[in-house]
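Some notes on the structure that comes next.
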Amino acid sequence: MGFDGLVVVSDPYLQRRFTQAELRALQAQYAALRDASPNGRLRMRDLPAAISGVRGAAKSRDAEKENSAPEPGPCHGLTDEEWASVLKAVARADEKPHQDASFELFLRVYAEMQLRLKAVSVCSGRAGGIVRSSSSSAVAFLTAATTTLLHTISESEKASYVGHINAYLADDPSLKSALPIDPATDHIFHITKDGVLLCKLINLAVPGTIDERAINTKRVLNLWEKNENHTLCLNSAKAIGCTVVNIGTQDLAEGRPHLVLGLISQIIKIQLLANVNLKSTPQLVELVEDSKEMEELMSLSPEKILLRWMNFQLKKAGFQKRVTNFSSDIKDSEAYACLLNVLAPECSAKPSAMSVKDLLHRARLILEHADRMGCKRYLTPKDIVDGLPNLNLAFVAHIFQKRNGLSKQMKQVSFVDGLSDDAQVSREERSFRLWINSLGISTYINNVFEDLRNGWVLLEVIDKIAPGSVNWKMANRPPIKLPFRKVENCNQVLKIGKELKFSLVNIAGNDIVQGNKKLILAFLWQLMRYNILQLLKNLRFHSNGKEITDNDILAWANKKVKDSGKHHSYMQSFKDKSLSSGTFFLDLLSAVEPRVVNWSLVTKGEKDEEKQMNASYIISVARKLGCSIFLLPEDILEVNQKMMLTLTASIMYWYLKRPTSQSLDSENGSSCETTSITTSDDSASESSIDDNTTR
C-alpha cells in the first residue's frame, strides 16, 4: 500500500531495508510477475522460476532519472537446494507453497538474497577472491555493481577463525564457559547469539573500541540485553572500519552463519592488518624510492601494501615471478618458500620445500617452516593449494607481524617529511574515513587525503546524502590518468557544495587534487553536518519540514535533560568546557533511555582519569543505544566542537526516529529493533555528523 507516492509495508524491517525508489521498482516488478503468472496468481512455489527475470532495483534510482530500465537481476543458475534454502529462511509458518506469494514475501526473498550476496562480498575481502557454489552459472544479484554466487560457508575459513578466537580469547573471564569452540561444529554461530564474543573480538582487533563495562555479560541475558549487545557490536564494528550494510541485530540474534562468519572475517582481518601501514610500521618506507611512490603507497589498502612488501622481499632473493594476489599466484608455494627463506633462513630444514614436487607436501613443509618461526597457522596445506584468498591473506599478515624483515634503522629520505599529522588532524581524518565507508558507497577508502583526490569518491558521497545532485554524465570514472579530469570532478564537487550553501571561500578543485588537508577536512565536515541536519529535517513529524540548526539541537538536548529532572545539568554551547567531565552526555543518554546508563559505573568526572573513564563509557553507551558515531574519547576530553555536535545530533536522531511503539518491557526484556544513524532512507544515508561552520 502507499500514500503520497510512498510504498509502505507492514514489516518495519523491510521498510528500512529498501529505499522508496527500490520499493517502487520492486512493486512494479512484482505486479508484472503476478500479471504474467497463470490466472494472475503468483504462488510461493512459483517464485524461483518467476524471480529469475527480476531486474536489479539497486540501479532503479538512476534508471528513474534516465527513464531507462534497471539492470538485470538474478538469472537462471540456482539449484533447487539453493532456492529451497532461500525460501526456508524467509517463509513464515502460515505461508504454504500453494498459497499466493504476497508482495512482502517477495521482498523477504529479495532481501535474503541481498544478505547472502553481502556476506559473500564481505568474506571475499576487498582484495578480491573466488567464492564457490554448487550452482554452475553466476547470479547477477540485486545490489549495485556486484555479481557473485549465493554464499556457501567455507569450512576451512570457519575452522581458521574459530582457532583464532580460541587462541586469543581463551583467558577472557566472560567467555571461559564458552571456549574453546569445536571448529568441526556450528557451535560458533550459537555462541555469538548473545553478542558478547563479537564485542570482545572487536576489542581484540582495536583495543579500547568498546568500554567493556557497557557489555552485558551476565550468565543469562534477556532479549533486550542481547539486543543491546548486538547494537553495540554493529555500531562498534562500523567504528573500526567493518562494512555492515545489510546486517542487522536480528541477523546476529538468529546466528545467521553467512553473516556472522562474514563479520568475524572482517574483524580478524582488521586485527591482523593493524600494523600494515606507515604510521604503525614506518620501516615500510623502504619499499619506495621517490615521492611519487610514497604517494602511491599511502593510497594503497593494507592488502596491497602487504603484496608490495612480499614482492619487495622476494625481489631481494632473486625470485622472478611477481605476486599479484593471495590466491592463484601462491598455490604452488614457491613464493612462500622464497619468502620464509629470506625472513628466517635459520628455521629452514631438509628436505627443502622446493625440492618436493607434490604441491600438498610442499605446502606442508611451508607451514612447518612457519611453525618454527612462531607463526600461527591460519590455513592447511590444502587451503594453500586451493588458493583460499582470505586464509592466505591472514597467513601472510601474521608472518609480517612476526618478522617483516625491514630495517630497524629508518631510511632517511626527504619525501618522508611531513607525513605525520597532528593528533586532531589524524582523529578527524579517521572519523571522516569511517563515516564515508559506513555510507555503503561502492568505493572503500583507506586514506581520506589520498583517496579523495580524484573527486570520484566525493561525488559518490554527495550522491548518497543529496540524491540527484550529481551530473554523472559530466563525471570522470577512475582510473583517471589526466590531472585535468580529476580537477573537473572536484570542480563539480565544489559546484554542488555551493548549491548546498557550504562555505567554500578560497577553495578550488585543484586544492582537493593536490591533497590540501585543511581544505579537504573543512569540506568533509560540511558534508557530514549537512547529512545529519537533513536527516533530522526529514523527520517531518518532529521538524514540520523546517530547516534544523545547531541551536535547535542544543536546545533539544538541554530540554531533554531538564525534563528528566536534572535542572543543574546544562550545555551552554558545543564548545562548553564543562562537557569534558562527561556528566551532561550521560544525563542526556539517561533522559532518552533511562535504563541504558549504569550509574554505579559513572565517576564524578573531576580528575583526568575519571573524565577518561566517563568519555569511554559515553561512546559505548551511545552505540549500545543505537547511535552510529565515530568520535574518540579524546574528542570529548578536549571538547572538540564538531564531535560534540555529532554526538548530540546522533542521540537526537535516534530518539526522534524510534517508533512511538518502541517500549521495552522490563519484565520480558523484549524490544523493537533500534534504529542506527547509518540506516539508509530515500533521501540520504546516515551517520554521525558535526561542525562549527555557519551557513
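To be explicit about the labels: the chains of the C-alpha cells are called A, B, and onward in the order shown, and within each one the residues are counted from 1, while ligands get numbers from 1 in the order they are shown.
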Expected answer as an MDAnalysis selection string: helix (DSSP H, G or I) residues in range 290-538 of chain A: chainID A and resid 291:299 302:316 328:330 334:343 345:347 353:355 359:373 381:386 389:402 414:416 423:438 448:451 456:465 472:474 483:499 509:513 517:537
If you take only C-alpha atoms and a cut-off of 7 Å, which residues of range 296-398 of chain A touch range 257-279 of chain A, and what are their nearest atom pairs and distances in Å to one decimal, in chain and number order, as a tab-separated table?
residue	atom	partner	partner_atom	distance
A:Pro302	CA	A:Val276	CA	5.5
A:Ile305	CA	A:Val276	CA	6.9
A:Leu306	CA	A:Val276	CA	6.8
A:Ala394	CA	A:Leu272	CA	6.7
A:Ala397	CA	A:Leu272	CA	5.8
A:His398	CA	A:Leu272	CA	6.4
Between CA of Arg453 in chain A and CA of Ile480 in chain A - distance in Å to one decimal: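 About the pair CA of Ile480 in chain A and CA of Arg453 in chain A: they are 10.5 Å apart.
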Nearest candidate to Tyr617 in chain A (options A:Ile153, A:Ile210, A:Met373, A:Met652; using only C-alpha atoms):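 Using only C-alpha atoms, the shortest distance to Tyr617 in chain A belongs to A:Ile210.
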Non-local contacts of range 630-639 of chain A (8 Å; only C-alpha atoms; under 6 positions in same chain excluded) as a VMD selection string: chain A and resid 239 427 431 434 to 435 574 to 577 579 to 582 611 to 612 615 to 616 619 647 688
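Rounded to one decimal, CA of Tyr336 in chain A and CA of Ala184 in chain A lie 27.7 Å from each other.
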Distance query Asn311 in chain A at most 12 Å, only C-alpha atoms, self and fewer than 2 positions along chain excluded, as a PyMOL selection string: chain A and resi 287+304-309+313-325+329-330+335-336+338-339+342+396
Please produce a file of the residues just selected, as a tab-separated table (two decimals), in the first residue's frame, where the atoms kept are N, CA, C and O atoms.
chain	number	residue	atom	x	y	z
A	287	LEU	N	60.13	0.44	1.01
A	287	LEU	CA	59.52	-0.07	-0.21
A	287	LEU	C	59.46	0.97	-1.32
A	287	LEU	O	59.12	0.63	-2.45
A	304	LYS	N	47.08	-4.45	-0.31
A	304	LYS	CA	48.00	-4.12	-1.41
A	304	LYS	C	49.40	-3.80	-0.87
A	304	LYS	O	50.41	-4.13	-1.51
A	305	ILE	N	49.47	-3.17	0.28
A	305	ILE	CA	50.77	-2.91	0.90
A	305	ILE	C	51.46	-4.22	1.25
A	305	ILE	O	52.67	-4.38	1.07
A	306	LEU	N	50.67	-5.17	1.73
A	306	LEU	CA	51.22	-6.48	2.09
A	306	LEU	C	51.79	-7.18	0.85
A	306	LEU	O	52.87	-7.80	0.91
A	307	LEU	N	51.07	-7.09	-0.26
A	307	LEU	CA	51.58	-7.66	-1.51
A	307	LEU	C	52.87	-6.97	-1.95
A	307	LEU	O	53.82	-7.62	-2.40
A	308	ARG	N	52.89	-5.65	-1.79
A	308	ARG	CA	54.09	-4.90	-2.18
A	308	ARG	C	55.28	-5.30	-1.30
A	308	ARG	O	56.40	-5.45	-1.79
A	309	TRP	N	55.03	-5.45	0.00
A	309	TRP	CA	56.09	-5.89	0.92
A	309	TRP	C	56.59	-7.29	0.54
A	309	TRP	O	57.79	-7.54	0.52
A	313	GLN	N	60.47	-8.36	-0.63
A	313	GLN	CA	61.31	-9.40	-0.03
A	313	GLN	C	61.69	-10.46	-1.07
A	313	GLN	O	62.83	-10.95	-1.08
A	314	LEU	N	60.76	-10.82	-1.93
A	314	LEU	CA	61.05	-11.83	-2.95
A	314	LEU	C	62.09	-11.34	-3.95
A	314	LEU	O	62.95	-12.11	-4.40
A	315	LYS	N	62.01	-10.05	-4.28
A	315	LYS	CA	62.96	-9.48	-5.23
A	315	LYS	C	64.38	-9.53	-4.67
A	315	LYS	O	65.35	-9.76	-5.41
A	316	LYS	N	64.51	-9.32	-3.35
A	316	LYS	CA	65.83	-9.37	-2.73
A	316	LYS	C	66.47	-10.74	-2.89
A	316	LYS	O	67.69	-10.87	-2.96
A	317	ALA	N	65.62	-11.78	-2.95
A	317	ALA	CA	66.14	-13.15	-3.07
A	317	ALA	C	66.26	-13.59	-4.52
A	317	ALA	O	66.61	-14.73	-4.80
A	318	GLY	N	65.93	-12.69	-5.45
A	318	GLY	CA	66.05	-13.02	-6.87
A	318	GLY	C	64.88	-13.81	-7.42
A	318	GLY	O	64.97	-14.41	-8.50
A	319	PHE	N	63.74	-13.80	-6.73
A	319	PHE	CA	62.55	-14.51	-7.20
A	319	PHE	C	62.02	-13.80	-8.44
A	319	PHE	O	61.82	-12.58	-8.45
A	320	GLN	N	61.80	-14.53	-9.50
A	320	GLN	CA	61.49	-13.95	-10.80
A	320	GLN	C	60.02	-13.55	-10.97
A	320	GLN	O	59.70	-12.60	-11.66
A	321	LYS	N	59.11	-14.27	-10.33
A	321	LYS	CA	57.68	-14.01	-10.51
A	321	LYS	C	57.23	-12.86	-9.60
A	321	LYS	O	57.84	-12.58	-8.57
A	322	ARG	N	56.14	-12.23	-9.99
A	322	ARG	CA	55.54	-11.17	-9.17
A	322	ARG	C	54.20	-11.66	-8.64
A	322	ARG	O	53.35	-12.13	-9.40
A	323	VAL	N	54.01	-11.55	-7.35
A	323	VAL	CA	52.77	-12.00	-6.72
A	323	VAL	C	51.76	-10.86	-6.78
A	323	VAL	O	52.02	-9.75	-6.29
A	324	THR	N	50.61	-11.10	-7.37
A	324	THR	CA	49.58	-10.06	-7.51
A	324	THR	C	48.32	-10.35	-6.73
A	324	THR	O	47.40	-9.53	-6.70
A	325	ASN	N	48.23	-11.53	-6.12
A	325	ASN	CA	47.03	-11.87	-5.34
A	325	ASN	C	47.39	-12.92	-4.30
A	325	ASN	O	48.50	-13.46	-4.29
A	329	ASP	N	48.42	-17.00	-7.42
A	329	ASP	CA	49.86	-16.76	-7.51
A	329	ASP	C	50.67	-17.48	-6.46
A	329	ASP	O	51.91	-17.53	-6.56
A	330	ILE	N	50.03	-18.02	-5.44
A	330	ILE	CA	50.80	-18.69	-4.38
A	330	ILE	C	50.34	-20.14	-4.16
A	330	ILE	O	50.72	-20.77	-3.19
A	335	ALA	N	56.45	-18.97	-3.90
A	335	ALA	CA	56.66	-17.65	-3.30
A	335	ALA	C	56.81	-17.76	-1.79
A	335	ALA	O	57.64	-17.08	-1.18
A	336	TYR	N	56.00	-18.62	-1.17
A	336	TYR	CA	56.11	-18.83	0.27
A	336	TYR	C	57.50	-19.37	0.64
A	336	TYR	O	58.12	-18.92	1.62
A	338	CYS	N	60.36	-19.05	-0.89
A	338	CYS	CA	61.36	-18.00	-1.01
A	338	CYS	C	61.23	-16.97	0.11
A	338	CYS	O	62.22	-16.56	0.71
A	339	LEU	N	60.00	-16.55	0.40
A	339	LEU	CA	59.76	-15.53	1.43
A	339	LEU	C	60.28	-15.99	2.79
A	339	LEU	O	60.98	-15.24	3.49
A	342	VAL	N	64.01	-16.04	3.07
A	342	VAL	CA	64.58	-14.69	3.21
A	342	VAL	C	64.42	-14.19	4.64
A	342	VAL	O	65.35	-13.63	5.23
A	396	VAL	N	49.87	-14.52	5.59
A	396	VAL	CA	50.93	-13.57	5.24
A	396	VAL	C	50.95	-12.40	6.23
A	396	VAL	O	52.02	-11.93	6.63
